[in-house]
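Novice: What follows is the file input_4.cif, containing mmCIF, C-alpha atoms:
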data_run
#
loop_
_atom_site.label_atom_id
_atom_site.label_comp_id
_atom_site.auth_asym_id
_atom_site.auth_seq_id
_atom_site.Cartn_x
_atom_site.Cartn_y
_atom_site.Cartn_z
CA MET A 1 -6.66 0.98 -8.43
CA ARG A 2 -10.20 1.50 -9.65
CA ALA A 3 -10.79 0.89 -13.34
CA ASP A 4 -12.01 4.44 -13.95
CA GLN A 5 -8.90 5.91 -12.29
CA LEU A 6 -6.59 3.67 -14.29
CA ALA A 7 -8.26 4.58 -17.56
CA ARG A 8 -8.14 8.29 -16.71
CA ALA A 9 -4.47 8.13 -15.74
CA ALA A 10 -3.62 6.27 -18.93
CA ARG A 11 -5.43 8.85 -21.07
CA TRP A 12 -3.66 11.71 -19.32
CA ALA A 13 -0.29 10.04 -19.62
CA GLY A 14 -0.71 9.44 -23.34
CA ALA A 15 -2.01 12.86 -24.24
CA GLY A 16 0.45 14.65 -26.48
CA ALA A 17 3.10 11.92 -26.18
CA LEU A 18 4.63 9.86 -28.92
CA PRO A 19 2.93 6.44 -28.99
CA ALA A 20 6.17 4.48 -28.75
CA LEU A 21 7.36 6.46 -25.74
CA ALA A 22 4.01 6.16 -24.05
CA VAL A 23 4.01 2.39 -24.48
CA ALA A 24 7.55 2.08 -23.14
CA HIS A 25 6.75 4.26 -20.16
CA ALA A 26 3.50 2.49 -19.26
CA ALA A 27 4.28 -1.11 -20.20
CA PRO A 28 4.64 -2.38 -16.60
CA VAL A 29 1.15 -1.06 -15.83
CA VAL A 30 -0.14 -4.53 -16.71
CA SER A 31 0.93 -5.45 -13.18
CA THR A 32 -2.03 -3.39 -11.96
CA PHE A 33 -4.50 -6.09 -12.92
CA GLY A 34 -4.78 -8.31 -9.86
CA PRO A 35 -5.54 -11.78 -11.29
CA LEU A 36 -2.74 -11.49 -13.87
CA ARG A 37 -0.30 -10.09 -11.33
CA ASN A 38 -1.06 -12.76 -8.75
CA ARG A 39 -0.46 -15.54 -11.27
CA THR A 40 2.55 -14.23 -13.14
CA MET A 41 4.24 -11.77 -10.75
CA PRO A 42 4.03 -13.34 -7.27
CA ARG A 43 6.93 -11.32 -5.88
CA LEU A 44 5.42 -8.00 -6.95
CA ALA A 45 2.02 -9.13 -5.69
CA GLY A 46 3.45 -9.83 -2.25
CA ARG A 47 3.11 -13.59 -2.33
CA GLY A 48 4.97 -15.01 0.66
CA ARG A 49 4.99 -17.96 3.04
CA ARG A 50 1.88 -20.10 2.78
CA ASP A 51 1.32 -20.04 6.52
CA HIS A 52 1.44 -16.25 6.74
CA ILE A 53 -0.63 -13.21 5.79
CA ALA A 54 1.06 -9.82 5.36
CA LEU A 55 -1.14 -7.03 6.72
CA THR A 56 -0.50 -3.66 5.10
CA PHE A 57 -1.99 -0.17 5.32
CA ASP A 58 -1.69 2.78 2.94
CA ASP A 59 -2.03 6.58 3.11
CA GLY A 60 -1.00 7.37 6.70
CA PRO A 61 0.16 8.48 9.12
CA ASP A 62 -3.07 10.29 10.00
CA PRO A 63 -3.46 11.70 13.54
CA LEU A 64 -7.24 11.32 13.30
CA SER A 65 -7.33 7.64 12.39
CA THR A 66 -3.97 5.84 12.60
CA PRO A 67 -3.84 5.77 16.43
CA HIS A 68 -7.07 3.75 16.47
CA PHE A 69 -5.47 1.11 14.25
CA LEU A 70 -2.34 1.05 16.37
CA ARG A 71 -4.36 0.45 19.52
CA LEU A 72 -6.38 -2.35 17.93
CA LEU A 73 -3.29 -4.07 16.55
CA ASP A 74 -1.46 -3.72 19.85
CA ALA A 75 -4.39 -5.30 21.69
CA ARG A 76 -4.21 -8.26 19.29
CA GLY A 77 -0.42 -8.51 19.49
CA ILE A 78 -0.09 -7.95 15.74
CA ARG A 79 2.38 -5.82 13.80
CA ALA A 80 1.81 -4.62 10.23
CA THR A 81 3.47 -2.74 7.39
CA PHE A 82 2.44 0.88 6.90
CA PHE A 83 3.15 2.49 3.52
CA LEU A 84 3.50 6.14 4.46
CA LEU A 85 2.84 9.18 2.33
CA GLY A 86 5.59 11.73 2.73
CA SER A 87 3.09 14.59 2.69
CA MET A 88 1.19 13.00 5.59
CA LEU A 89 4.35 12.14 7.50
CA ASN A 90 5.43 15.77 7.19
CA ARG A 91 2.31 16.77 9.14
CA ALA A 92 2.65 14.12 11.85
CA PRO A 93 6.28 13.02 12.22
CA GLY A 94 5.77 12.10 15.86
CA LEU A 95 3.08 9.59 14.93
CA ALA A 96 5.32 7.97 12.34
CA LYS A 97 8.10 7.72 14.91
CA GLU A 98 5.68 6.15 17.42
CA LEU A 99 4.45 3.69 14.80
CA ALA A 100 7.97 2.49 14.07
CA ALA A 101 8.92 2.39 17.77
CA GLU A 102 5.99 0.05 18.41
CA GLY A 103 7.50 -2.46 15.99
CA HIS A 104 5.51 -1.82 12.85
CA GLU A 105 7.30 -1.82 9.52
CA THR A 106 7.36 1.34 7.43
CA GLY A 107 7.47 1.52 3.66
CA ILE A 108 6.86 4.48 1.38
CA HIS A 109 3.81 5.33 -0.72
CA GLY A 110 5.57 8.24 -2.37
CA TRP A 111 5.46 11.88 -1.29
CA HIS A 112 2.32 12.84 -3.20
CA HIS A 113 -0.56 10.47 -3.95
CA ARG A 114 -0.52 10.96 -7.71
CA PRO A 115 -0.49 8.36 -10.51
CA LEU A 116 3.01 7.56 -11.68
CA LEU A 117 1.81 7.56 -15.27
CA LEU A 118 1.53 11.33 -15.00
CA ARG A 119 5.20 11.74 -14.06
CA GLY A 120 8.48 11.59 -15.90
CA PRO A 121 11.61 9.73 -14.76
CA ARG A 122 13.13 12.67 -12.88
CA THR A 123 9.92 13.62 -11.09
CA THR A 124 9.32 9.99 -10.13
CA TYR A 125 12.81 9.58 -8.69
CA ASP A 126 12.63 12.85 -6.77
CA ASP A 127 9.25 11.96 -5.26
CA LEU A 128 10.39 8.53 -4.06
CA ALA A 129 13.73 9.83 -2.80
CA ARG A 130 12.04 12.62 -0.85
CA ALA A 131 9.68 10.17 0.83
CA ARG A 132 12.46 7.68 1.55
CA ASP A 133 14.67 10.34 3.13
CA ALA A 134 11.81 11.67 5.25
CA VAL A 135 10.94 8.22 6.63
CA THR A 136 14.61 7.54 7.34
CA GLU A 137 15.04 10.82 9.19
CA VAL A 138 11.93 10.37 11.33
CA THR A 139 12.18 6.66 12.14
CA GLY A 140 15.95 6.22 12.03
CA ARG A 141 15.54 3.29 9.64
CA PRO A 142 15.77 3.49 5.85
CA PRO A 143 12.64 1.93 4.31
CA THR A 144 13.10 -0.94 1.88
CA LEU A 145 9.56 -1.18 0.47
CA PHE A 146 7.54 0.93 -1.95
CA ARG A 147 3.90 0.76 -2.95
CA PRO A 148 2.90 3.04 -5.82
CA PRO A 149 -0.20 5.22 -5.58
CA TYR A 150 -3.20 3.38 -7.05
CA GLY A 151 -0.98 0.31 -7.45
CA VAL A 152 0.33 1.49 -10.82
CA MET A 153 3.99 0.87 -11.58
CA ASN A 154 5.83 2.03 -14.68
CA THR A 155 9.34 1.82 -16.06
CA SER A 156 10.44 5.02 -14.33
CA ALA A 157 9.26 3.72 -10.95
CA HIS A 158 11.07 0.40 -11.38
CA LEU A 159 14.29 2.22 -12.25
CA ALA A 160 13.91 4.63 -9.34
CA CYS A 161 13.31 1.74 -6.94
CA ARG A 162 16.46 0.03 -8.15
CA ARG A 163 18.54 3.17 -7.59
CA LEU A 164 17.03 3.79 -4.15
CA GLY A 165 17.22 0.22 -2.88
CA LEU A 166 13.46 -0.21 -2.71
CA THR A 167 11.36 -3.28 -3.44
CA PRO A 168 7.93 -2.55 -4.96
CA VAL A 169 5.15 -4.60 -3.38
CA LEU A 170 1.48 -4.50 -4.32
CA TRP A 171 -1.11 -6.91 -2.88
CA THR A 172 -3.08 -10.10 -3.50
CA ALA A 173 -6.29 -9.03 -1.72
CA TRP A 174 -7.86 -5.71 -0.83
CA GLY A 175 -11.01 -4.53 0.89
CA GLU A 176 -12.12 -1.77 -1.50
CA ASP A 177 -12.44 0.14 1.75
CA TRP A 178 -11.99 3.55 0.12
CA ARG A 179 -15.48 3.45 -1.38
CA LYS A 180 -18.30 5.57 0.04
CA ARG A 181 -20.64 2.59 -0.08
CA ALA A 182 -18.23 0.22 1.69
CA THR A 183 -19.43 -1.40 4.91
CA PRO A 184 -17.55 -3.47 7.49
CA ASP A 185 -19.22 -6.56 6.06
CA SER A 186 -18.30 -5.71 2.46
CA VAL A 187 -14.68 -4.98 3.40
CA HIS A 188 -14.36 -8.27 5.26
CA ARG A 189 -16.07 -10.19 2.46
CA THR A 190 -13.97 -8.61 -0.29
CA VAL A 191 -10.69 -9.25 1.51
CA THR A 192 -11.38 -12.84 2.45
CA ARG A 193 -12.92 -13.75 -0.92
CA ASP A 194 -9.53 -13.46 -2.63
CA LEU A 195 -7.31 -14.34 0.31
CA THR A 196 -5.17 -17.46 0.50
CA GLY A 197 -2.17 -18.38 2.62
CA GLY A 198 0.84 -16.33 1.58
CA GLY A 199 -1.30 -13.37 0.57
CA THR A 200 -0.81 -9.67 1.19
CA VAL A 201 -3.81 -7.61 2.34
CA LEU A 202 -4.23 -3.94 1.43
CA LEU A 203 -6.29 -1.68 3.70
CA HIS A 204 -6.19 2.06 4.47
CA ASP A 205 -5.58 3.67 7.84
CA SER A 206 -6.48 7.13 6.51
CA ASP A 207 -9.22 8.62 4.38
CA CYS A 208 -6.98 11.33 2.91
CA THR A 209 -7.52 9.91 -0.58
CA SER A 210 -10.70 7.94 0.16
CA ALA A 211 -14.34 8.63 0.98
CA PRO A 212 -14.58 10.81 4.10
CA GLY A 213 -14.79 8.66 7.21
CA SER A 214 -14.03 5.45 5.33
CA TRP A 215 -11.30 4.59 7.83
CA ARG A 216 -14.00 3.92 10.42
CA THR A 217 -15.42 1.22 8.15
CA THR A 218 -11.97 -0.33 7.79
CA LEU A 219 -11.39 -0.22 11.52
CA ALA A 220 -14.71 -1.96 12.18
CA ALA A 221 -13.91 -4.67 9.63
CA LEU A 222 -10.38 -5.34 10.84
CA PRO A 223 -11.17 -7.62 13.84
CA ARG A 224 -13.24 -9.93 11.62
CA ILE A 225 -10.48 -10.04 9.03
CA LEU A 226 -7.95 -10.97 11.71
CA ASP A 227 -10.32 -13.59 13.13
CA THR A 228 -10.78 -15.17 9.69
CA CYS A 229 -7.02 -15.35 9.13
CA GLU A 230 -6.47 -16.92 12.51
CA SER A 231 -9.26 -19.45 11.93
CA HIS A 232 -7.29 -20.71 8.90
CA GLY A 233 -4.17 -21.06 11.00
CA TRP A 234 -2.38 -18.23 9.21
CA GLY A 235 0.07 -16.05 11.09
CA ILE A 236 -0.43 -12.32 10.56
CA GLY A 237 2.37 -9.79 10.44
CA PRO A 238 4.42 -7.31 8.42
CA LEU A 239 6.03 -7.95 5.07
CA ARG A 240 9.44 -8.34 6.69
CA GLU A 241 8.15 -11.62 8.17
CA HIS A 242 6.47 -12.72 4.96
CA GLY A 243 9.42 -14.39 3.25
CA LEU A 244 9.86 -11.75 0.55
CA PRO A 245 13.34 -10.84 -0.73
CA HIS A 246 13.92 -7.14 -0.06
CA ALA A 247 16.06 -5.05 -2.37
CA ARG A 248 18.96 -3.29 -0.73
#
Take the structure I supplied and represent it as structure tokens, if you would.

Specialist:
Amino acid sequence: MRADQLARAARWAGAGALPALAVAHAAPVVSTFGPLRNRTMPRLAGRGRRDHIALTFDDGPDPLSTPHFLRLLDARGIRATFFLLGSMLNRAPGLAKELAAEGHETGIHGWHHRPLLLRGPRTTYDDLARARDAVTEVTGRPPTLFRPPYGVMNTSAHLACRRLGLTPVLWTAWGEDWRKRATPDSVHRTVTRDLTGGGTVLLHDSDCTSAPGSWRTTLAALPRILDTCESHGWGIGPLREHGLPHAR
């Protein structure tokens, strides 16, 4: 999550709330800060086998962009984890079904792409449950993974995940590919700068919450990212092959 978005979400969440309740609700937000999370919360960060990289995408399925990623990954013989937005899946259920049928793993990104700090416990649970049920109905497989919008977890989200049998997973490296000024070179450089064996990569297969057309930048950067991983001898695949314990 960008620093300005995190600060804005925190201000909104705290407005009009009792300080003690706000702190209790937002305490796990410290996991948002990558260096701290990667050192102290390896499971939440998606730290897995040292010879493997987990490739993950957020914000789909998008009929405009996701098929391009599926074709590229299929040509490379690689499967990934796609964290689906329920609101996007609702518009393109056939694409989500195709994605799962091709062997890709599906997790949920919630129904709406809104910061969890702006939601209460009931709203959080309902949002996650709605997305989980939609993915299950379309793909025939109940998802086991959850990635929160903007990478911000809170107490309500952790409790909802426990009730729904979901494991929250963030990332160890991202491409900042949502930015208007991102280029294929900058996305590749940003991902690989922080990437080590056992890492989890976050990219986006849709621009529904990003700069318009940003998915094209991500798509252009992806072959170089895959080449770099392979040059280090790292296998590339979904989180289910990453050695992470999944909640059930």

Novice: Taking the file as I've supplied it (selection: the PyMOL selection byres ((chain A and resi 105-110) around 9)), which residues are included? Please answer as a ChimeraX atom specification.

Specialist: /A:58-59,79-87,96,99-100,103-104,111-114,124,127-132,135,139,141-149,166,238-240

Novice: What would the selection look like, as a ChimeraX atom specification, if the PyMOL selection byres ((chain A and resi 207) around 10) were run on the coordinates I just shared?

Specialist: /A:58-60,62,64-65,177-179,204-206,208-216,218

Novice: Give the answer as one residue: which of A:Arg122, A:His158, A:Ile53, A:Gly77 has the shortest atom-to-atom distance to Thr192 (chain A), using all atoms listed in the file?

Specialist: A:Ile53

Novice: Residues picked by the PyMOL selection byres ((chain A and resi 243) around 9) here, as a list in words?

Specialist: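 That expression, the PyMOL selection byres ((chain A and resi 243) around 9), corresponds here to Arg47, Gly48, Arg49, His52, Gly198, Leu239, Arg240, Glu241, His242, Leu244 and Pro245 of chain A.
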
Novice: Expressed in Å to a single decimal, how great is the separation between CA of Asp133 (chain A) and CA of Trp174 (chain A)?

Specialist: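 Atom-to-atom, CA of Asp133 (chain A) to CA of Trp174 (chain A), that is 27.9 Å.
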
Novice: Report, in Å with one decimal, the straight-line distance from CA of Arg71 (chain A) to CA of Leu44 (chain A).

Specialist: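 Going from CA of Arg71 (chain A) over to CA of Leu44 (chain A) covers 29.5 Å.
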
Novice: Which residues, written as a list in words, have at least one atom at most 8 Å from Gly175 (chain A), with all atoms listed in the file counted and residues fewer than 3 positions away on the same chain left out?

Specialist: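 Contacts, with the query itself left out: Ser186, Val187, His188, Arg189, Thr190, Val191, Val201, Leu202 and Leu203 of chain A.
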
Novice: Take the residues just selected and output them with C-alpha atoms as a PDB file, in the frame of the given file.

Specialist:
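Writing the result to part_36.pdb gives the following:
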ATOM      1  CA  SER A 186     -18.300  -5.710   2.460  1.00  0.00           C
ATOM      2  CA  VAL A 187     -14.680  -4.980   3.400  1.00  0.00           C
ATOM      3  CA  HIS A 188     -14.360  -8.270   5.260  1.00  0.00           C
ATOM      4  CA  ARG A 189     -16.070 -10.190   2.460  1.00  0.00           C
ATOM      5  CA  THR A 190     -13.970  -8.610  -0.290  1.00  0.00           C
ATOM      6  CA  VAL A 191     -10.690  -9.250   1.510  1.00  0.00           C
ATOM      7  CA  VAL A 201      -3.810  -7.610   2.340  1.00  0.00           C
ATOM      8  CA  LEU A 202      -4.230  -3.940   1.430  1.00  0.00           C
ATOM      9  CA  LEU A 203      -6.290  -1.680   3.700  1.00  0.00           C
TER      10      LEU A 203
END

Novice: Hey, which of A:Leu73, A:Leu116, A:Tyr125, A:Gly199 ends up closest to Gly165 (chain A)? Count all atoms listed in the file.

Specialist: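 The shortest atom-to-atom distance to Gly165 (chain A) comes from A:Tyr125.
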
Novice: So which one's closest to Pro61 (chain A), A:Met88, A:Ala45, A:Val138, A:Ala101? Using all atoms listed in the file, please.

Specialist: A:Met88

Novice: Please provide the set of residues having any atom within 8 Å of Asp51 (chain A), restricted to only C-alpha atoms, with same-chain residues fewer than 5 positions apart removed, written as a compact mmCIF listing (two decimals) with C-alpha atoms, in the frame of the given file.

Specialist:
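After the write, result_25.txt holds the following:
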# COMPACT_ATOMS: atom_id res chain seq x y z
CA GLY A 197 -2.17 -18.38 2.62
CA GLY A 198 0.84 -16.33 1.58
CA GLY A 233 -4.17 -21.06 11.00
CA TRP A 234 -2.38 -18.23 9.21
CA GLY A 235 0.07 -16.05 11.09

Novice: Work out how far CA of Leu170 (chain A) is from CA of Leu117 (chain A), in Å to one decimal.

Specialist: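 Pair CA of Leu117 (chain A) / CA of Leu170 (chain A) returns 16.3 Å.
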
Novice: Would you mind telling me which residue in A:Arg91, A:Asp185, A:Arg193, A:Thr200 lies nearest to Ala221 (chain A) when using only C-alpha atoms?

Specialist: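 Closest candidate: A:Asp185.
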
Novice: Pick out the closest residue to Thr167 (chain A) from this set: A:Glu137, A:Thr66, A:Asn154, A:Arg43. Count only C-alpha atoms.

Specialist: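 Closest to Thr167 (chain A) of all the choices is A:Arg43.
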